[in-house]
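Novice: So here's model_24.csv (CSV, C-alpha atoms and all ligand atoms).
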chain,number,residue,atom,x,y,z
A,173,MET,CA,16.3,-11.2,57.7
A,174,ASN,CA,13.6,-13.5,56.4
A,175,ASN,CA,14.0,-15.0,52.9
A,176,PRO,CA,11.6,-13.8,50.3
A,177,VAL,CA,8.8,-16.4,50.0
A,178,ILE,CA,9.5,-16.8,46.3
A,179,ALA,CA,12.3,-15.4,44.2
A,180,CYS,CA,13.9,-15.8,40.8
A,181,HIS,CA,17.3,-14.7,39.6
A,182,GLY,CA,18.5,-14.5,36.0
A,183,LEU,CA,15.6,-16.6,34.9
A,184,MET,CA,15.5,-17.4,31.2
A,185,ARG,CA,13.3,-19.6,29.1
A,186,SER,CA,13.7,-20.2,25.4
A,187,TYR,CA,12.0,-22.6,23.0
A,188,THR,CA,13.8,-24.2,20.1
A,189,ASP,CA,11.7,-25.0,17.0
A,190,GLY,CA,13.9,-26.5,14.3
A,191,ALA,CA,16.7,-24.0,13.6
A,192,ALA,CA,14.9,-21.1,15.3
A,193,THR,CA,15.1,-20.3,19.0
A,194,ILE,CA,12.5,-18.1,20.6
A,195,GLU,CA,13.6,-16.4,23.7
A,196,VAL,CA,10.4,-16.0,25.6
A,197,LEU,CA,11.9,-14.8,29.0
A,198,ARG,CA,15.3,-13.3,28.7
A,199,HIS,CA,16.3,-12.3,32.2
A,200,MET,CA,13.9,-12.1,35.0
A,201,ASP,CA,14.6,-11.1,38.6
A,202,LEU,CA,11.9,-10.9,41.2
A,203,GLU,CA,11.6,-11.2,45.0
A,204,VAL,CA,8.2,-11.5,46.7
A,205,ASN,CA,8.0,-11.1,50.4
A,206,ALA,CA,5.5,-12.5,52.8
A,207,GLY,CA,2.2,-10.7,52.5
A,208,GLU,CA,3.0,-9.0,49.2
A,209,MET,CA,0.6,-9.0,46.3
A,210,VAL,CA,2.2,-8.7,42.8
A,211,ALA,CA,0.2,-8.3,39.6
A,212,ILE,CA,1.9,-9.4,36.4
A,213,VAL,CA,0.6,-7.8,33.2
A,214,GLY,CA,1.6,-7.9,29.6
A,215,SER,CA,0.2,-8.6,26.1
A,216,SER,CA,-1.0,-12.0,25.0
A,217,GLY,CA,2.0,-14.2,24.2
A,218,SER,CA,4.4,-12.1,26.3
A,219,GLY,CA,5.3,-15.0,28.6
A,220,LYS,CA,3.1,-14.5,31.6
A,221,SER,CA,1.9,-18.1,31.9
A,222,THR,CA,5.4,-19.4,31.1
A,223,PHE,CA,6.7,-17.2,34.0
A,224,LEU,CA,4.1,-18.5,36.4
A,225,HIS,CA,4.8,-22.1,35.5
A,226,LEU,CA,8.5,-21.6,36.1
A,227,LEU,CA,7.9,-19.9,39.5
A,228,GLY,CA,5.7,-22.9,40.5
A,229,GLY,CA,8.3,-25.5,39.5
A,230,LEU,CA,6.2,-26.9,36.7
A,231,ASP,CA,8.7,-26.2,33.9
A,232,ARG,CA,12.4,-26.0,33.7
A,233,PRO,CA,14.3,-22.7,33.0
A,234,THR,CA,16.9,-22.6,30.2
A,235,SER,CA,19.0,-20.9,32.9
A,236,GLY,CA,18.6,-19.1,36.2
A,237,ARG,CA,17.1,-20.0,39.5
A,238,VAL,CA,13.8,-20.1,41.3
A,239,LEU,CA,13.9,-20.1,45.1
A,240,ILE,CA,10.9,-21.0,47.2
A,241,ASN,CA,11.4,-20.1,50.8
A,242,GLY,CA,15.1,-20.1,50.1
A,243,LYS,CA,15.3,-23.5,48.3
A,244,ASN,CA,16.2,-23.8,44.7
A,245,ILE,CA,13.3,-25.8,43.4
A,246,TYR,CA,15.0,-27.0,40.2
A,247,ASP,CA,17.9,-28.5,42.3
A,248,LEU,CA,15.4,-30.8,44.0
A,249,GLY,CA,14.5,-34.3,43.0
A,250,GLU,CA,10.9,-35.0,41.9
A,251,VAL,CA,9.7,-36.1,45.3
A,252,ASP,CA,11.1,-33.2,47.2
A,253,LYS,CA,10.0,-30.8,44.6
A,254,CYS,CA,6.4,-32.0,44.8
A,255,LYS,CA,6.6,-31.8,48.6
A,256,LEU,CA,7.8,-28.2,48.5
A,257,ARG,CA,5.1,-27.3,46.0
A,258,ASN,CA,2.4,-29.0,48.1
A,259,GLU,CA,3.5,-27.3,51.3
A,260,SER,CA,4.2,-23.8,50.1
A,261,LEU,CA,2.3,-23.0,46.9
A,262,GLY,CA,-1.3,-22.8,45.8
A,263,PHE,CA,-2.0,-22.8,42.0
A,264,VAL,CA,-4.7,-21.3,39.9
A,265,TYR,CA,-3.8,-21.9,36.3
A,266,GLN,CA,-5.5,-21.1,33.0
A,267,PHE,CA,-6.4,-24.7,32.3
A,268,HIS,CA,-7.5,-25.7,35.7
A,269,HIS,CA,-6.2,-29.2,36.1
A,270,LEU,CA,-9.3,-30.1,38.0
A,271,LEU,CA,-10.6,-33.7,38.0
A,272,PRO,CA,-13.9,-33.8,36.0
A,273,GLU,CA,-15.2,-37.0,37.6
A,274,PHE,CA,-14.9,-35.8,41.1
A,275,SER,CA,-17.2,-33.4,43.0
A,276,ALA,CA,-16.4,-29.8,43.8
A,277,VAL,CA,-15.7,-30.7,47.5
A,278,GLU,CA,-13.4,-33.6,46.5
A,279,ASN,CA,-11.5,-31.5,44.1
A,280,VAL,CA,-10.9,-28.7,46.7
A,281,GLY,CA,-9.9,-31.3,49.4
A,282,MET,CA,-7.3,-33.0,47.1
A,283,PRO,CA,-4.2,-31.1,48.3
A,284,LEU,CA,-5.0,-32.0,51.9
A,285,LEU,CA,-5.7,-35.6,51.0
A,286,ILE,CA,-2.3,-35.8,49.4
A,287,ARG,CA,-0.9,-34.5,52.7
A,288,GLY,CA,-2.6,-37.2,54.6
A,289,GLU,CA,-5.0,-35.1,56.6
A,290,ASN,CA,-8.0,-36.4,58.4
A,291,PRO,CA,-11.1,-36.8,56.2
A,292,THR,CA,-13.5,-34.8,58.5
A,293,PHE,CA,-11.0,-31.9,58.7
A,294,ILE,CA,-10.6,-32.0,54.9
A,295,ARG,CA,-14.3,-32.0,54.3
A,296,ASP,CA,-14.9,-29.0,56.7
A,297,LYS,CA,-12.1,-27.0,55.2
A,298,ALA,CA,-13.2,-27.7,51.6
A,299,GLU,CA,-16.8,-26.8,52.4
A,300,HIS,CA,-15.8,-23.6,54.1
A,301,LEU,CA,-13.7,-22.4,51.2
A,302,LEU,CA,-16.4,-23.3,48.6
A,303,LYS,CA,-18.8,-21.2,50.7
A,304,GLN,CA,-16.4,-18.3,50.6
A,305,VAL,CA,-16.3,-18.4,46.8
A,306,GLY,CA,-20.1,-18.6,46.7
A,307,LEU,CA,-20.5,-22.3,45.8
A,308,GLU,CA,-22.3,-23.6,48.8
A,309,GLN,CA,-25.1,-24.9,46.5
A,310,ARG,CA,-22.6,-26.8,44.4
A,311,LEU,CA,-20.6,-28.9,46.9
A,312,GLU,CA,-21.6,-32.3,45.4
A,313,HIS,CA,-21.7,-31.4,41.8
A,314,ARG,CA,-19.2,-33.1,39.6
A,315,LEU,CA,-16.8,-30.7,37.9
A,316,GLY,CA,-18.1,-31.7,34.5
A,317,GLN,CA,-21.5,-30.3,35.6
A,318,LEU,CA,-20.2,-26.8,36.5
A,319,SER,CA,-20.0,-23.7,34.4
A,320,GLY,CA,-16.6,-22.2,33.5
A,321,GLY,CA,-16.7,-19.5,36.2
A,322,GLU,CA,-17.9,-22.0,38.8
A,323,ARG,CA,-14.9,-24.3,37.9
A,324,GLN,CA,-12.6,-21.2,38.1
A,325,ARG,CA,-13.9,-20.7,41.7
A,326,VAL,CA,-13.4,-24.3,42.6
A,327,ALA,CA,-9.8,-23.9,41.3
A,328,ILE,CA,-9.4,-20.9,43.6
A,329,ALA,CA,-10.8,-22.7,46.6
A,330,ARG,CA,-8.4,-25.6,45.9
A,331,ALA,CA,-5.4,-23.3,45.7
A,332,LEU,CA,-6.2,-21.9,49.1
A,333,VAL,CA,-7.2,-25.0,51.0
A,334,ALA,CA,-3.8,-26.0,52.2
A,335,GLU,CA,-2.9,-22.5,53.5
A,336,PRO,CA,0.0,-21.9,51.1
A,337,LEU,CA,2.7,-19.3,51.7
A,338,CYS,CA,2.2,-18.1,48.2
A,339,VAL,CA,-0.6,-18.3,45.6
A,340,LEU,CA,0.3,-18.3,42.0
A,341,ALA,CA,-2.7,-17.3,40.0
A,342,ASP,CA,-3.1,-17.0,36.2
A,343,GLU,CA,-6.0,-14.7,35.5
A,344,PRO,CA,-8.0,-15.9,38.5
A,345,THR,CA,-10.8,-13.5,37.8
A,346,GLY,CA,-10.7,-14.0,34.0
A,347,ASN,CA,-14.0,-15.9,33.7
A,348,LEU,CA,-15.9,-14.1,36.4
A,349,ASP,CA,-18.5,-11.4,36.6
A,350,PRO,CA,-17.6,-8.3,38.6
A,351,GLN,CA,-19.3,-9.5,41.8
A,352,ASN,CA,-17.6,-12.8,41.8
A,353,ALA,CA,-14.2,-11.3,40.8
A,354,GLU,CA,-14.5,-9.0,43.7
A,355,ARG,CA,-15.3,-11.9,46.0
A,356,VAL,CA,-12.1,-13.7,44.9
A,357,LEU,CA,-10.0,-10.6,45.2
A,358,GLN,CA,-11.4,-10.0,48.7
A,359,LEU,CA,-10.5,-13.6,49.7
A,360,PHE,CA,-6.8,-12.9,48.6
A,361,PHE,CA,-6.8,-9.6,50.6
A,362,ASP,CA,-8.2,-11.5,53.7
A,363,LEU,CA,-5.5,-14.1,53.5
A,364,GLN,CA,-2.9,-11.5,53.0
A,365,ALA,CA,-4.1,-9.7,56.2
A,366,ALA,CA,-4.7,-12.8,58.3
A,367,ARG,CA,-1.8,-15.1,57.3
A,368,LYS,CA,0.6,-12.9,55.3
A,369,THR,CA,-0.1,-15.0,52.3
A,370,SER,CA,1.7,-13.7,49.2
A,371,VAL,CA,0.0,-13.6,45.8
A,372,VAL,CA,1.5,-13.4,42.3
A,373,MET,CA,-1.3,-12.9,39.9
A,374,VAL,CA,-1.5,-12.5,36.2
A,375,THR,CA,-4.3,-10.3,35.0
A,376,HIS,CA,-5.5,-8.4,32.0
A,377,ASP,CA,-7.7,-6.2,34.1
A,378,THR,CA,-6.1,-2.9,34.9
A,379,ASN,CA,-8.5,-2.2,37.7
A,380,ILE,CA,-7.5,-5.4,39.4
A,381,ALA,CA,-3.8,-4.9,38.8
A,382,ARG,CA,-4.0,-1.4,40.3
A,383,ARG,CA,-5.2,-2.9,43.6
A,384,ALA,CA,-2.1,-5.1,44.0
A,385,GLY,CA,0.8,-3.7,46.0
A,386,ARG,CA,3.1,-4.0,43.1
A,387,VAL,CA,2.5,-4.2,39.3
A,388,MET,CA,5.1,-5.7,36.9
A,389,ARG,CA,4.9,-5.8,33.1
A,390,ILE,CA,6.5,-8.5,31.0
A,391,GLU,CA,7.8,-6.8,27.8
A,392,GLY,CA,10.5,-8.1,25.5
A,393,GLY,CA,11.2,-11.0,27.8
A,394,ARG,CA,11.9,-8.8,30.8
A,395,LEU,CA,10.1,-7.7,33.9
A,396,ILE,CA,9.5,-4.0,34.1
A,397,ASN,CA,8.3,-2.2,37.3
A,398,VAL,CA,5.1,-0.4,36.6
A,399,SER,CA,4.3,0.7,40.1
B,1,LIG,N1,5.8,-25.5,24.5
B,1,LIG,C1,6.1,-24.4,23.8
B,1,LIG,N2,6.8,-24.5,22.7
B,1,LIG,C2,7.1,-23.4,21.9
B,1,LIG,N3,6.7,-22.1,22.2
B,1,LIG,C3,5.9,-22.0,23.3
B,1,LIG,C4,5.6,-23.1,24.2
B,1,LIG,N4,4.9,-22.6,25.2
B,1,LIG,C5,4.7,-21.3,25.0
B,1,LIG,N5,5.4,-20.9,23.9
B,1,LIG,C6,5.4,-19.5,23.4
B,1,LIG,O1,5.9,-18.7,24.4
B,1,LIG,C7,5.2,-17.4,24.3
B,1,LIG,C8,4.6,-17.1,25.7
B,1,LIG,O2,3.5,-17.9,26.0
B,1,LIG,P1,2.6,-17.7,27.3
B,1,LIG,O3,1.6,-18.8,27.3
B,1,LIG,O4,3.6,-17.6,28.4
B,1,LIG,O5,2.0,-16.3,27.0
B,1,LIG,P2,1.0,-15.4,27.9
B,1,LIG,O6,1.6,-14.1,28.2
B,1,LIG,O7,0.5,-16.2,29.1
B,1,LIG,O8,-0.2,-15.2,26.9
B,1,LIG,P3,-1.9,-15.1,27.2
B,1,LIG,O9,-2.1,-13.7,27.8
B,1,LIG,O10,-2.4,-15.2,25.8
B,1,LIG,O11,-2.3,-16.2,28.1
B,1,LIG,C9,4.2,-17.5,23.2
B,1,LIG,O12,4.7,-16.9,22.1
B,1,LIG,C10,4.1,-19.0,22.9
B,1,LIG,O13,3.8,-19.3,21.6
B,2,MG,MG,-1.3,-17.1,29.6
Let me see the structure of the file written as structure tokens.
Specialist:
Amino acid sequence: MNNPVIACHGLMRSYTDGAATIEVLRHMDLEVNAGEMVAIVGSSGSGKSTFLHLLGGLDRPTSGRVLINGKNIYDLGEVDKCKLRNESLGFVYQFHHLLPEFSAVENVGMPLLIRGENPTFIRDKAEHLLKQVGLEQRLEHRLGQLSGGERQRVAIARALVAEPLCVLADEPTGNLDPQNAERVLQLFFDLQAARKTSVVMVTHDTNIARRAGRVMRIEGGRLINVS
């Protein structure tokens, strides 16, 4: 049987502040298979972003494991961890981590540049994705010149450019009007159908959550199956 694309077992994360310890995530278990779309919901401060960071290897759990394609990401050294992330995951995070001095097309091509791909291939691929998110008129704009929703869409294009096994997206449609939100969601569905890309997506929008195959709520530091 195939491994889940991404999984966590007994995942815990607490923060210590002086004498007080806050247990944000108490015990999380999740397995996401190829082609699955999982929506994560929960109130503000419940730990959704913390959870997504842990799944992406960007934090360190207090205890528990995160497996990406069967490999425990927190057992790897920094170089192997970055390689696994670059090869397997696409990130759309709340604070986009885009490079303001670079153009939209350069930002989107960055993951492929890191992989050492050919410049023409990178350019074509980045342009194609920017068109798919409706930014064909903004290819050469510097990030600093784009609106919040436009940056959000650049972040989405960048997350998808290297054809990841799994996309981890923190409110990917949060800044978007309904038409652009629909476009992004459709892009996820297309990738799911064409390449069995998995998506783990945090959302506050119940209409969007409802369209994912599975909905989980974070409550009291635990993951609860909603549907
Ligand atoms: N570095 C940190 N040190 C201490 N506490 C932290 C730290 N990072 C996050 N927290 C706490 O962990 C909790 C969960 O934060 P998180 O950002 O995961 O929430 P969230 O569910 O994504 O909320 P939102 O919907 O507002 O984005 C919060 O109460 C926050 O204060
Ligand atoms: Mg958050």
Novice: For ligand MG 2 (chain B), collect every residue having any atom at a distance of at most 8 Å from a ligand atom (counting only C-alpha atoms and all ligand atoms); output as a list of chain:residue names.
Specialist: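 For ligand MG 2 (chain B), the residues inside 8 Å are A:Ser216, A:Gly217, A:Gly219, A:Lys220, A:Ser221, A:Thr222, A:Gln266, A:Asp342, A:Glu343.
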Novice: Which one of A:Leu248, A:Ile194, A:Met184, A:Leu270 sits closest to ligand LIG 1 (chain B) if you count all atoms listed in the file?
Specialist: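 Between A:Leu248, A:Ile194, A:Met184, A:Leu270, the residue approaching ligand LIG 1 (chain B) most closely is A:Ile194.
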Novice: I'd like to know which of A:Leu363, A:Ala191, A:Val196, A:Leu239 is closest to ligand LIG 1 (chain B), using only C-alpha atoms and all ligand atoms.
Specialist: A:Val196
Novice: Within 12 Å of ligand LIG 1 (chain B) (counting only C-alpha atoms and all ligand atoms), which residues show up? I'd like them as a VMD selection string.
Specialist: chain A and resid 184 to 190 192 to 198 212 to 226 231 to 232 265 to 267 341 to 344 346 373 to 377 389 to 394
Novice: Determine, counting all atoms listed in the file, which protein, DNA and RNA residues have an atom within 6 Å of an atom of Ala384 of chain A; residues of the same chain fewer than 5 positions away are not included. Present the result as a PDB file with C-alpha atoms, in the coordinates of the input.
Specialist:
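New file part_27.pdb:
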ATOM      1  CA  MET A 209       0.600  -9.000  46.300  1.00  0.00           C
ATOM      2  CA  VAL A 210       2.200  -8.700  42.800  1.00  0.00           C
ATOM      3  CA  ALA A 211       0.200  -8.300  39.600  1.00  0.00           C
TER       4      ALA A 211
END
Novice: What is the distance, in Å and to one decimal place, between atom CA of Leu337 of chain A and atom CA of Gly262 of chain A?
Specialist: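 Between atom CA of Leu337 of chain A and atom CA of Gly262 of chain A the gap is 7.9 Å.
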Novice: Give as a ChimeraX atom specification every residue, naming chains and numbers as the document does, that has an atom within 12 Å of (-9.2, -14.7, 40.8), counting only C-alpha atoms.
Specialist: /A:211,263-266,305,321-329,331-332,339-361,371-377,380-381
Novice: Just want the 9 Å neighbourhood of Leu202 of chain A, counted on only C-alpha atoms, with same-chain residues fewer than 4 positions away dropped. Output as a ChimeraX atom specification.
Specialist: /A:178-181,395
Novice: Work out how far atom CA of Pro283 of chain A is from atom CA of Val333 of chain A, in Å to one decimal.
Specialist: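 Calculated distance between atom CA of Val333 of chain A and atom CA of Pro283 of chain A is 7.3 Å.
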Novice: For Arg367 of chain A, please output as a PDB file with C-alpha atoms, in the frame of the given file all residues within 9 Å (counting all atoms listed in the file; exclusion window: fewer than 2 positions along the same chain).
Specialist:
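After the write, result-v6.pdb holds the following:
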ATOM      1  CA  ALA A 206       5.500 -12.500  52.800  1.00  0.00           C
ATOM      2  CA  GLY A 207       2.200 -10.700  52.500  1.00  0.00           C
ATOM      3  CA  GLU A 335      -2.900 -22.500  53.500  1.00  0.00           C
ATOM      4  CA  LEU A 337       2.700 -19.300  51.700  1.00  0.00           C
ATOM      5  CA  ASP A 362      -8.200 -11.500  53.700  1.00  0.00           C
ATOM      6  CA  LEU A 363      -5.500 -14.100  53.500  1.00  0.00           C
ATOM      7  CA  GLN A 364      -2.900 -11.500  53.000  1.00  0.00           C
ATOM      8  CA  ALA A 365      -4.100  -9.700  56.200  1.00  0.00           C
ATOM      9  CA  THR A 369      -0.100 -15.000  52.300  1.00  0.00           C
ATOM     10  CA  SER A 370       1.700 -13.700  49.200  1.00  0.00           C
TER      11      SER A 370
END
Novice: Counting only C-alpha atoms, which of A:Ala334, A:Ser260, A:Leu230, A:Thr378 gets nearest to Ile294 of chain A?
Specialist: A:Ala334
Novice: Find the residue from A:Gly236, A:Gly281, A:Gly249, A:Gly242 that sits nearest to His300 of chain A; use only C-alpha atoms when measuring.
Specialist: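 Among A:Gly236, A:Gly281, A:Gly249, A:Gly242, it is A:Gly281 that comes nearest to His300 of chain A.
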Novice: So, with only C-alpha atoms as the atoms that count, which of A:Met388, A:Leu311, A:Val204, A:Val280 lies closest to Ile240 of chain A?
Specialist: A:Val204
Novice: Rounded to one decimal in Å, what is the spacing between atom CA of Gly288 of chain A and atom CA of Leu261 of chain A?
Specialist: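 The value is 16.9 Å.
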Novice: Pick from A:Val277, A:Ile396, A:Leu271, A:Ile245: nearest to Glu308 of chain A, with only C-alpha atoms counted?
Specialist: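 Of A:Val277, A:Ile396, A:Leu271, A:Ile245, the one nearest Glu308 of chain A, counting only C-alpha atoms, is A:Val277.
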